[in-house]
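Engineer: Structure incoming, see below.
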Amino acid sequence: MLDVKVIRENTEWVCARLAARNAGDEANIQEIIGLDDARRKNLSEVEVLRAHRNKVSKEIGVLMGKKQFDEANLRKQETTEIGQKISDLDKVLLEIESQRESLLLKTPNTPHDTVPYGKTSEDNPIVKTYGEKKKFDFKPLNHVELCEKLNLVDFQRATKISGRGFILYTNLGARLERGLINFLLDTHTREHGYTEIQPPLMVTQECMYGVGQFPKFRDQAYTIQEGLDAETLGKQYLLPTAEAALVNIHRDEILKEEELPKRYCAYTPCFRAEAGAAGLGTRGLIRVHQFDKVELVKIVEPEKGYEELEKLLLNAEKILQLLGLHYRVISLCTGDLGFTSAKTYDIEVWAPGQEQYLEVSSCSNCEDYQARRMGLRFKKADGTLRFPHMLNGSGTALARLYVALLETYQQPDGSILIPEVLRPYIGTDQIKI
């Protein structure tokens, strides 16, 4: 969440940066300041009352020593009344703090000054491209046609088992998915220095608030209930992304400065309700309720946050380069920026059968926004406590990578050529009928 001190000391800047998101979130700032003013006033009143109660308590001791019991009893009555006032003010304080906290949790991160201004995804500038669009001397098929022709995915039975928006990989299709996951994990752990994590697939509500999924994206989450016990509903949630688990590993901890940076990567299936989303009514792998992803997370010193963001981007790009896929990198504009992010790069891979770019990675620096939400700090050598920068990126997401791979490497006879780096994982150089 945003730092209240920064909000108070740089109100105009915070409002201007939030206004650049074009979502009206800057309207929260004055209310947050008003609630903080009320909180400060309340705390001041409580402090005065406690000081007065301490003074009266000392006077009671003196009066008792002088055997002035009637006067002492009057003072005791006064301390009781003061105690009641403090109790009443404490209740008011809890309500004020709850309202302030609620507003802070609903207010997104401020875009970094280098984020380009824009209102929608149409305003996102392209910052780099790699390779060229694949050209064919035959009419290329789309991934649905290829999957059905080669028996890689059974769309009909997936719907029978789980409903729309789920995938049933079969035969070499399943092996290709598993091979891609292992290739991604091996590349990031062996070549890029990430520590592999295998997290639980369910996280608590506190984790969802810490990562910034709640309260804004609560309607996109799959909520867990234990058996028939309705009281457990909402205590745990299926992972919308491994980021929700990885960034919370050190929630409510104080790390040592020398422990940073921390670099984690994890493969998990990801579950998203995609309530009201377009595209789930159609067959294919582009928008689904469950998909596989290898996630990258960094915890770094604030001074190194944006240097590490560029490295994170290169790590994700390397995957597509090794696979020989054409892609472009865009910088998200202020109006398209994610809720927790201060700056984001998206990597979009070209899918020839779709004739469009598909997002397979978002690489973001959330600065100290998530660390504040989850109470994660680190102690510097001089003993001062600071909030680290939290970075995350897909390294990369499937099934869109799967789509681009099939459509790029399809051959005139309908077979799929397997990129050389994947062949040890798949056990073949070609998928054919």
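Here's how to read the names in the structure tokens: chain A, B, ... by the order shown, residue numbers from 1 in each chain, ligand numbers from 1 in the order shown.
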Mind running region 293-371 of chain A against region 405-426 of chain A at 12 Å and telling me each contacting residue's nearest atom pair with the distance in Å (one decimal), counting only C-alpha atoms, chain and number ascending, as a Markdown table?

Structural biologist:
```
| residue | atom | partner | partner_atom | distance |
| --- | --- | --- | --- | --- |
| A:Ile319 | CA | A:Val421 | CA | 10.2 |
| A:Leu320 | CA | A:Leu405 | CA | 9.6 |
| A:Gln321 | CA | A:Val421 | CA | 10.7 |
| A:Leu322 | CA | A:Val421 | CA | 7.0 |
| A:Leu323 | CA | A:Pro419 | CA | 6.1 |
| A:Gly324 | CA | A:Pro419 | CA | 7.6 |
| A:Leu325 | CA | A:Leu405 | CA | 7.4 |
| A:His326 | CA | A:Thr408 | CA | 8.9 |
| A:Tyr327 | CA | A:Thr408 | CA | 11.7 |
| A:Val349 | CA | A:Leu405 | CA | 9.4 |
| A:Trp350 | CA | A:Thr408 | CA | 8.2 |
| A:Ala351 | CA | A:Glu407 | CA | 6.1 |
| A:Pro352 | CA | A:Glu407 | CA | 5.7 |
| A:Gly353 | CA | A:Glu407 | CA | 5.5 |
| A:Gln354 | CA | A:Glu407 | CA | 8.2 |
| A:Glu355 | CA | A:Glu407 | CA | 9.8 |
| A:Gln356 | CA | A:Glu407 | CA | 11.3 |
| A:Leu358 | CA | A:Leu405 | CA | 11.6 |
| A:Val360 | CA | A:Leu405 | CA | 11.8 |
```

Engineer: Store the residues picked out above, limited to C-alpha atoms, as a JSON list (two decimals), in the first residue's frame.

Structural biologist:
```
[["chain", "number", "residue", "atom", "x", "y", "z"],
["A", 319, "ILE", "CA", 13.06, -18.07, -23.00],
["A", 320, "LEU", "CA", 11.50, -16.83, -26.23],
["A", 321, "GLN", "CA", 14.90, -16.27, -27.81],
["A", 322, "LEU", "CA", 15.98, -19.83, -27.04],
["A", 323, "LEU", "CA", 12.74, -21.09, -28.58],
["A", 324, "GLY", "CA", 13.26, -18.94, -31.68],
["A", 325, "LEU", "CA", 9.95, -17.11, -31.35],
["A", 326, "HIS", "CA", 9.25, -13.60, -32.61],
["A", 327, "TYR", "CA", 8.08, -11.21, -29.90],
["A", 349, "VAL", "CA", 4.77, -13.36, -28.63],
["A", 350, "TRP", "CA", 3.58, -13.61, -32.23],
["A", 351, "ALA", "CA", 1.07, -16.39, -32.96],
["A", 352, "PRO", "CA", 0.86, -16.82, -36.77],
["A", 353, "GLY", "CA", -2.34, -18.88, -36.73],
["A", 354, "GLN", "CA", -4.08, -16.17, -34.70],
["A", 355, "GLU", "CA", -2.38, -13.39, -36.64],
["A", 356, "GLN", "CA", -1.91, -11.52, -33.41],
["A", 358, "LEU", "CA", -0.28, -12.81, -27.28],
["A", 360, "VAL", "CA", 3.08, -14.33, -22.25]]
```

Engineer: Got a sec: who's within 9 Å of Val115 (chain A), counting only C-alpha atoms, leaving out chain neighbours fewer than 4 positions off, as a VMD selection string?

Structural biologist: chain A and resid 111 331 to 334 337 342 to 344

Engineer: For the selection you just gave me, I'd like the residues written to a file as an mmCIF file, in the first residue's frame, keeping N, CA and C atoms.

Structural biologist:
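Full text of result02.cif as output:
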```cif
data_model
loop_
_atom_site.group_PDB
_atom_site.id
_atom_site.type_symbol
_atom_site.label_atom_id
_atom_site.label_comp_id
_atom_site.auth_asym_id
_atom_site.auth_seq_id
_atom_site.Cartn_x
_atom_site.Cartn_y
_atom_site.Cartn_z
ATOM 1 N N PRO A 111 2.187 5.232 -10.401
ATOM 2 C CA PRO A 111 3.086 4.915 -11.516
ATOM 3 C C PRO A 111 4.424 5.641 -11.377
ATOM 4 N N SER A 331 5.878 -1.192 -23.094
ATOM 5 C CA SER A 331 5.859 -0.577 -21.767
ATOM 6 C C SER A 331 4.420 -0.157 -21.484
ATOM 7 N N LEU A 332 3.833 -0.695 -20.420
ATOM 8 C CA LEU A 332 2.448 -0.364 -20.122
ATOM 9 C C LEU A 332 2.324 1.112 -19.754
ATOM 10 N N CYS A 333 1.332 1.766 -20.343
ATOM 11 C CA CYS A 333 1.090 3.176 -20.041
ATOM 12 C C CYS A 333 0.354 3.292 -18.709
ATOM 13 N N THR A 334 0.220 4.506 -18.229
ATOM 14 C CA THR A 334 -0.384 4.731 -16.910
ATOM 15 C C THR A 334 -1.800 4.182 -16.817
ATOM 16 N N LEU A 337 -1.716 0.153 -16.509
ATOM 17 C CA LEU A 337 -0.825 -0.414 -15.489
ATOM 18 C C LEU A 337 -1.611 -1.251 -14.488
ATOM 19 N N ALA A 342 4.327 -0.273 -10.162
ATOM 20 C CA ALA A 342 4.796 1.085 -10.415
ATOM 21 C C ALA A 342 5.308 1.205 -11.849
ATOM 22 N N LYS A 343 5.769 0.073 -12.407
ATOM 23 C CA LYS A 343 6.204 0.051 -13.809
ATOM 24 C C LYS A 343 6.159 -1.384 -14.308
ATOM 25 N N THR A 344 5.668 -1.565 -15.540
ATOM 26 C CA THR A 344 5.513 -2.909 -16.099
ATOM 27 C C THR A 344 5.911 -2.950 -17.562
#
```

Engineer: Residues of region 20-228 of chain A in helix (DSSP H, G or I) according to DSSP, as a PyMOL selection string?

Structural biologist: chain A and resi 27-65+69-106+121-123+143-149+155-162+171-191+205-211+218-220

Engineer: Could you find all residues in region 153-364 of chain A that DSSP calls strand (DSSP E or B) from the backbone, and write them as a ChimeraX atom specification?

Structural biologist: /A:153,169,195-197,202-204,223,226,229,236-238,254-256,262-271,290-300,327-331,343-351,356-364

Engineer: What lies within 10 Å of region 386-390 of chain A using only C-alpha atoms, ignoring chain neighbours under 3 positions off, as an NGL selection string?

Structural biologist: :A and (211 or 247 or 254-255 or 257 or 260-262 or 297-306 or 308-309 or 341 or 364-372 or 375-380 or 383)

Engineer: Could the residues in this selection be written to a file with C-alpha atoms, as a tab-separated table (two decimals), in the first residue's frame?

Structural biologist:
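The resulting file, again.tsv, is reproduced below:
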```tsv
chain	number	residue	atom	x	y	z
A	211	VAL	CA	0.05	-9.54	-2.92
A	247	VAL	CA	5.92	-12.75	-2.32
A	254	ILE	CA	12.58	-8.64	9.01
A	255	LEU	CA	15.37	-9.81	6.69
A	257	GLU	CA	20.46	-6.63	4.39
A	260	LEU	CA	19.11	-9.55	-0.34
A	261	PRO	CA	18.51	-9.95	-3.19
A	262	LYS	CA	16.26	-12.98	-3.05
A	297	VAL	CA	9.88	-13.01	-7.97
A	298	LYS	CA	12.65	-10.78	-6.66
A	299	ILE	CA	13.06	-9.05	-3.29
A	300	VAL	CA	15.71	-6.35	-3.59
A	301	GLU	CA	17.05	-3.18	-2.02
A	302	PRO	CA	15.10	-0.11	-3.21
A	303	GLU	CA	18.14	1.44	-4.87
A	304	LYS	CA	18.44	-1.62	-7.14
A	305	GLY	CA	14.74	-2.05	-7.97
A	306	TYR	CA	14.79	-0.72	-11.52
A	308	GLU	CA	16.72	-5.60	-11.32
A	309	LEU	CA	13.54	-4.99	-13.35
A	341	SER	CA	2.72	-2.09	-10.21
A	364	SER	CA	6.80	-5.45	-12.92
A	365	ASN	CA	8.43	-3.49	-10.14
A	366	CYS	CA	5.88	-2.93	-7.37
A	367	GLU	CA	8.45	-0.92	-5.39
A	368	ASP	CA	7.58	-1.11	-1.66
A	369	TYR	CA	3.81	-1.31	-2.26
A	370	GLN	CA	3.45	-5.06	-1.59
A	371	ALA	CA	6.10	-5.08	1.16
A	372	ARG	CA	4.07	-2.52	3.14
A	375	GLY	CA	4.83	-6.12	6.69
A	376	LEU	CA	8.09	-7.25	5.06
A	377	ARG	CA	11.17	-5.19	5.94
A	378	PHE	CA	14.94	-5.56	5.98
A	379	LYS	CA	17.48	-4.25	8.48
A	380	LYS	CA	20.42	-2.27	7.19
A	383	GLY	CA	20.12	-0.87	12.27
```

Engineer: So what do you get for CA of Asn42 (chain A) versus CA of Glu59 (chain A), distance-wise?

Structural biologist: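 CA of Asn42 (chain A) sits 25.7 Å away from CA of Glu59 (chain A).
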
Engineer: Using only C-alpha atoms, which of A:Ala397, A:Ile431, A:Ala230, A:Ile32 sits nearest Lys106 (chain A)?

Structural biologist: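 Ranking A:Ala397, A:Ile431, A:Ala230, A:Ile32 by distance to Lys106 (chain A), first place goes to A:Ile32.
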
Engineer: When you look at region 121-127 of chain A with a cut-off of 8 Å (counting only C-alpha atoms), what residues show up, excluding the ones that are within fewer than 2 positions of it in the same chain? I need them as a list in words.

Structural biologist: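 My reading of the contact set: Pro116, Tyr117, Gly118, Lys119, Thr129, Arg328, Val329, Ile330, Ser331, Leu332, Cys333, Gly335 and Asp336 of chain A.
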
Engineer: Could you check how far CA of Gly61 (chain A) sits from CA of Arg75 (chain A), in Å to one decimal?

Structural biologist: 10.0 Å

Engineer: Need to verify the contact set: Thr80 (chain A), 10 Å, only C-alpha atoms, exclusion of same-chain residues closer than 6 positions in sequence. Can you return it as a PyMOL selection string?

Structural biologist: chain A and resi 53+74+86
